[in-house]
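K.L.:
Got a structure for you, written out below as structure tokens; questions coming shortly.
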Amino acid sequence: MKTHDKYIGFHIRILKGKSKKNKKFRKTILLLAIVFVLVYLIAGATIPYMIQPEVSEMYQESFRTEDFYSETLSTDRAVIISDNGEALEERIRLMEHAKERIILSTFDFCSDTSGKQVIAALIQAAQRGVRVQVLMDGFYSWLHMEGNPWFYALAAEENVEVRIYNRLNPLFPWKGLSRMHDKYLIADDTAYILGGRNTFDYFLGDQDSYKNHDRDVLVYCAGKKESSLSQLTDYFSEVWNLDYCKPWKEGEWVLKLPSVKKAEKELKQMYQDMKREHPQWFETIDYKKVTVETNKITLLSNPTGLYSKEPRVFYALGRLMEEAQEEVIIHTPYIICNDWMYDTFRSICADGKTVKLMTNSALNNGNPFGAVDYALHKDEILDTGLCVLEYQGGVSYHGKSIAIDDELAIVGSFNMDMKSVYQDTELMLVVQSKELNKQLRDSMDIYHAEAVEADGDVDDINALFQKGTPFSKKVERFLVKILNPWLRSFM
């Protein structure tokens with residue numbers, strides 16, 4: 001009996017030993033698999049964008065600063081929109097009075113208060129026979145639209161078509177950093193709004209919640225001939241018809257779910273509530289009275305393809321700023337530069353004219369990558385000769401604008417960072433108009449009153465970790481600081 005027990009015990013010990021080895025082996029395989037997936041995703045996403053192309057000789061030879069000026073008036077008129085509440089109101093008004101077509105291109109779109117109000121207005125327009133085309137970036141569509149009955153209700157409308165630029169796909173990470181950063185709304189041949197605002201509460205409406213300061217320009221097309229609208233519609237058609245710009249939820253069964261029907265009813269009610277609570281949004285106005293004359297309007301754009309892009313917008317802006325006679329004022333939420341960008345700013349500042357750049361202070365910046373990079377590289381920015389103003393208004397500033405002398409007003413989606421320069425689609429509208437230039441300068445001055453001139457002796461990095469900073473923010477900023485040399489080209 002004892003011999004039998006020893007025999008059984010011997011085999012049990014062997015089996016237990018094998019089980020432990022197998023368990024350890026499985027853990028090793030799992031760990032290796034996780035490491036492989038992470039390396040695949042990170043390397044795949046970043047390597048294609050490490051190459052930063054130069055501007056082609058063809059584009060340089062074709063670019064002429066005199067093409068942005070005209071001695072005669074154009075048929076287009078324009079107005080600066082600085083207030084978030086006004087920005088939502090004008091979007092609703094344009095959609096309400098559209099008769100044939102509405103185009104909305106946006107980087108980010110959420111189903112919060114203002115987002116739903118925009119969706120409700122789009123659905124109402126579609127139901128009265130207006131063709132509605134919505135173009136959305138692939139990353140944020142995956143984040144905010146998938147599984148969302150409010151957006152499904154929009155896509156379910158007969159006269160609505162939604163397309164996604166470069167839909168996110170983890171199997172192909174090398175496409176992941178190519179983003180569509182454009183933000184504009186077109187209503188018929190009447191008017192368009194273009195600027196830096198995404199479509200949700202941070203940027204639109206007067207909700208008592210977190211917000212960003214931003215800026216748009218509304219262009220009223222008083223005459224159809226030679227309007228700048230044709231430049232924007234041509235650009236839209238180019239992006240809309242790209243092979244990697246795919247229809248979203250077209251005819252899918254999820255559009256018939258009960259939750260979608262419920263969302264549609266709530267959106268209909270929201271539209272009626274808007275008309276009752278904000279009747280001024282729906283009033284017809286004379287755009288000739290609220291806009292100013294322009295001599296010429298020119299659209300600047302990056303290439304629309306995937307992967308690293310020829311930096312056309314930054315090159316063009318640099319050339320226009322270099323040609324300034326007296327003063328350049330730049331507003332940007334973030335400034336993240338490589339050597340070529342630093343050299344461009346040096347060239348702009350070289351002839352003694354005043355060149356001011358306002359950006360968020362490190363503590364005021366809502367973007368942790370922008371905040372940390374600015375703190376780490378402020379001395380290099382100041383060495384270019386730029387007079388840097390740090391906005392400290394307590395609300396993160398998101399406007400992207402340039403005033404050149406008293407002649408050009410430039411507004412759009414372009415940040416002074418490497419992501420906008422090389423990775424994203426970007427638009428900047430260059431408007432030759434003394435009156436619009438004054439509007440832009442007046443808007444800028446409001447923010448300058450809450451900004452201070454940057455001091456190279458101030459240690460911004462320590463300020464980011466000062467006493468009282470929430471622990472989670474300290475951890476976030478610490479990680480970004482450590483990874484900054486590798487991340488700054490992509491964020």
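Every chain in the structure tokens takes a letter, A first, then B, and so on in the order presented; its residues are numbered from 1, and the ligands are numbered from 1 following the presented order.
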Going by DSSP on the backbone, which residues of stretch 134-264 of chain A come out as strand (DSSP E)? List them as a list in words.
P.N.:
Val134, Leu135, Met136, Asp137, Val160, Glu161, Val162, Arg163, Ile164, Tyr165, Tyr184, Leu185, Ile186, Ala187, Ala191, Tyr192, Ile193, Leu194, Gly195, Asp216, Val217, Leu218, Val219, Tyr220, Cys221, Cys245, Lys246 and Pro247 of chain A
K.L.:
Got a sec: who's within 8 Å of stretch 143-145 of chain A, counting only C-alpha atoms, leaving out chain neighbours fewer than 3 positions off, as a list of chain:residue names?
P.N.:
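Here the qualifying residues turn out to be A:Phe109, A:Cys110, A:Ser111, A:Phe139, A:Tyr140, A:Asn148, A:Phe151, A:Tyr152.
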K.L.:
Would you mind exporting N, CA and C atoms of the selected residues as an mmCIF file, in the first residue's frame?
P.N.:
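Here's the written file part-v3.cif:
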data_model
loop_
_atom_site.group_PDB
_atom_site.id
_atom_site.type_symbol
_atom_site.label_atom_id
_atom_site.label_comp_id
_atom_site.auth_asym_id
_atom_site.auth_seq_id
_atom_site.Cartn_x
_atom_site.Cartn_y
_atom_site.Cartn_z
ATOM 1 N N PHE A 109 -16.859 65.734 -33.730
ATOM 2 C CA PHE A 109 -18.304 65.979 -33.675
ATOM 3 C C PHE A 109 -18.832 65.133 -32.522
ATOM 4 N N CYS A 110 -19.448 65.773 -31.522
ATOM 5 C CA CYS A 110 -19.972 65.051 -30.357
ATOM 6 C C CYS A 110 -21.480 65.271 -30.244
ATOM 7 N N SER A 111 -22.151 64.346 -29.590
ATOM 8 C CA SER A 111 -23.599 64.468 -29.410
ATOM 9 C C SER A 111 -23.922 65.092 -28.052
ATOM 10 N N PHE A 139 -10.618 59.104 -36.930
ATOM 11 C CA PHE A 139 -10.356 58.776 -35.526
ATOM 12 C C PHE A 139 -11.534 59.166 -34.649
ATOM 13 N N TYR A 140 -11.973 60.412 -34.768
ATOM 14 C CA TYR A 140 -13.049 60.867 -33.892
ATOM 15 C C TYR A 140 -14.409 60.306 -34.292
ATOM 16 N N ASN A 148 -23.623 55.361 -31.635
ATOM 17 C CA ASN A 148 -24.318 56.552 -31.142
ATOM 18 C C ASN A 148 -25.631 56.743 -31.908
ATOM 19 N N PHE A 151 -26.167 60.041 -34.112
ATOM 20 C CA PHE A 151 -25.536 60.079 -35.429
ATOM 21 C C PHE A 151 -26.171 59.059 -36.377
ATOM 22 N N TYR A 152 -26.623 57.932 -35.826
ATOM 23 C CA TYR A 152 -27.344 56.974 -36.666
ATOM 24 C C TYR A 152 -28.622 57.592 -37.212
#
K.L.:
Residues of stretch 158-279 of chain A classed as helix (DSSP H, G or I) by DSSP on the backbone are to be reported as an MDAnalysis selection string.
P.N.:
chainID A and resid 173:175 229:240 253:256 258:277 279
K.L.:
Smallest atom-to-atom distance to A:Leu389: which of A:Glu157, A:Asp286, A:Glu100, A:Glu450, using only C-alpha atoms?
P.N.:
A:Glu450
K.L.:
Suppose you want the space between atom CA of A:Asn415 and atom CA of A:Val292; what is it in Å?
P.N.:
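Computing the Euclidean distance for atom CA of A:Asn415 and atom CA of A:Val292 yields 26.2 Å.
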K.L.:
Using only C-alpha atoms, can you tell me which of A:Asp182, A:Asp83, A:Glu57, A:Asp67 comes closest to A:Tyr315?
P.N.:
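Answer, going by the shortest atom-to-atom distance: A:Glu57.
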K.L.:
Have a look at A:Lys309, A:Arg93, A:Lys419, A:Lys400 and name the one nearest to A:His213; count only C-alpha atoms.
P.N.:
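Checking each of A:Lys309, A:Arg93, A:Lys419, A:Lys400 against A:His213, counting only C-alpha atoms, the winner is A:Lys400.
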K.L.:
Excluding A:Glu89 and any residue of its chain fewer than 6 positions from it, enumerate the residues within 10 Å of it, using only C-alpha atoms, and give them as a PyMOL selection string.
P.N.:
chain A and resi 83+204-205+278+280-282
K.L.:
Those same residues, written as a PDB file, in the first residue's frame with N, CA and C atoms?
P.N.:
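Done, and the output landed in part-v4.pdb:
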ATOM      1  N   ASP A  83     -17.032  84.839 -30.979  1.00  0.00           N
ATOM      2  CA  ASP A  83     -17.806  84.354 -29.845  1.00  0.00           C
ATOM      3  C   ASP A  83     -18.402  82.969 -30.121  1.00  0.00           C
ATOM      4  N   LEU A 204     -18.815  75.648 -29.447  1.00  0.00           N
ATOM      5  CA  LEU A 204     -20.071  76.205 -29.936  1.00  0.00           C
ATOM      6  C   LEU A 204     -21.065  76.394 -28.796  1.00  0.00           C
ATOM      7  N   GLY A 205     -21.790  77.524 -28.820  1.00  0.00           N
ATOM      8  CA  GLY A 205     -22.859  77.736 -27.858  1.00  0.00           C
ATOM      9  C   GLY A 205     -22.396  78.403 -26.573  1.00  0.00           C
ATOM     10  N   HIS A 278     -34.767  80.216 -29.068  1.00  0.00           N
ATOM     11  CA  HIS A 278     -33.789  81.072 -29.750  1.00  0.00           C
ATOM     12  C   HIS A 278     -34.311  81.495 -31.121  1.00  0.00           C
ATOM     13  N   GLN A 280     -34.096  84.132 -32.716  1.00  0.00           N
ATOM     14  CA  GLN A 280     -33.165  84.968 -33.482  1.00  0.00           C
ATOM     15  C   GLN A 280     -32.229  84.120 -34.346  1.00  0.00           C
ATOM     16  N   TRP A 281     -32.010  82.879 -33.950  1.00  0.00           N
ATOM     17  CA  TRP A 281     -31.148  82.004 -34.746  1.00  0.00           C
ATOM     18  C   TRP A 281     -31.731  81.734 -36.124  1.00  0.00           C
ATOM     19  N   PHE A 282     -33.031  81.820 -36.243  1.00  0.00           N
ATOM     20  CA  PHE A 282     -33.722  81.410 -37.462  1.00  0.00           C
ATOM     21  C   PHE A 282     -34.166  82.597 -38.313  1.00  0.00           C
TER      22      PHE A 282
END
K.L.:
Distance table requested - stretch 300-319 of chain A against stretch 229-246 of chain A, cut-off 9 Å, only C-alpha atoms: one row per qualifying residue with the closest atom pair and its distance in Å to one decimal, ordered by chain and rising residue number, as a Markdown table.
P.N.:
| residue | atom | partner | partner_atom | distance |
| --- | --- | --- | --- | --- |
| A:Ser301 | CA | A:Tyr235 | CA | 8.4 |
| A:Thr304 | CA | A:Val239 | CA | 6.6 |
| A:Gly305 | CA | A:Leu242 | CA | 8.4 |
| A:Leu306 | CA | A:Tyr244 | CA | 9.0 |
K.L.:
Can you pull out every residue within 12 Å of A:Gln269, counting only C-alpha atoms, but drop anything in the same chain fewer than 4 positions away, and send it as a PyMOL selection string?
P.N.:
chain A and resi 116-117+120-121+123-124+262-265+273-276
K.L.:
For A:Ala403, please output as an NGL selection string all residues within 12 Å (counting only C-alpha atoms; exclusion window: fewer than 6 positions along the same chain).
P.N.:
:A and (317 or 320-321 or 324 or 326-331 or 354-358 or 409-411 or 429-445)
K.L.:
Which residues come within 6 Å of stretch 332-349 of chain A, counting only C-alpha atoms, excluding same-chain residues fewer than 3 positions away, as a PDB file with C-alpha atoms, in the first residue's frame?
P.N.:
ATOM      1  CA  GLU A 322       8.317  87.402 -44.772  1.00  0.00           C
ATOM      2  CA  THR A 359       0.063  81.100 -27.606  1.00  0.00           C
ATOM      3  CA  ASN A 360      -1.212  79.533 -24.414  1.00  0.00           C
ATOM      4  CA  GLY A 370       1.531  71.452 -26.327  1.00  0.00           C
ATOM      5  CA  THR A 384      14.140  83.086 -33.330  1.00  0.00           C
ATOM      6  CA  GLY A 385      13.386  86.726 -32.535  1.00  0.00           C
ATOM      7  CA  TYR A 397      -7.093  79.354 -26.442  1.00  0.00           C
ATOM      8  CA  HIS A 398      -7.667  77.449 -29.697  1.00  0.00           C
ATOM      9  CA  GLY A 399      -7.674  80.161 -32.391  1.00  0.00           C
ATOM     10  CA  LYS A 400      -5.413  79.906 -35.429  1.00  0.00           C
ATOM     11  CA  ASN A 415      -1.602  75.070 -35.700  1.00  0.00           C
ATOM     12  CA  MET A 416       2.055  76.065 -35.621  1.00  0.00           C
ATOM     13  CA  ASP A 417       3.115  72.504 -34.858  1.00  0.00           C
TER      14      ASP A 417
END
K.L.:
Excluding A:Leu382 and its own-chain neighbours fewer than 6 positions away, which residues fall within 9 Å of it when counting only C-alpha atoms? Please give them as number ranges by chain.
P.N.:
A: 388, 454-456
K.L.:
For a quick check of understanding, using only C-alpha atoms, which of A:Leu31, A:Val132, A:Leu218, A:Met95 has the smallest distance to A:Thr284?
P.N.:
A:Met95
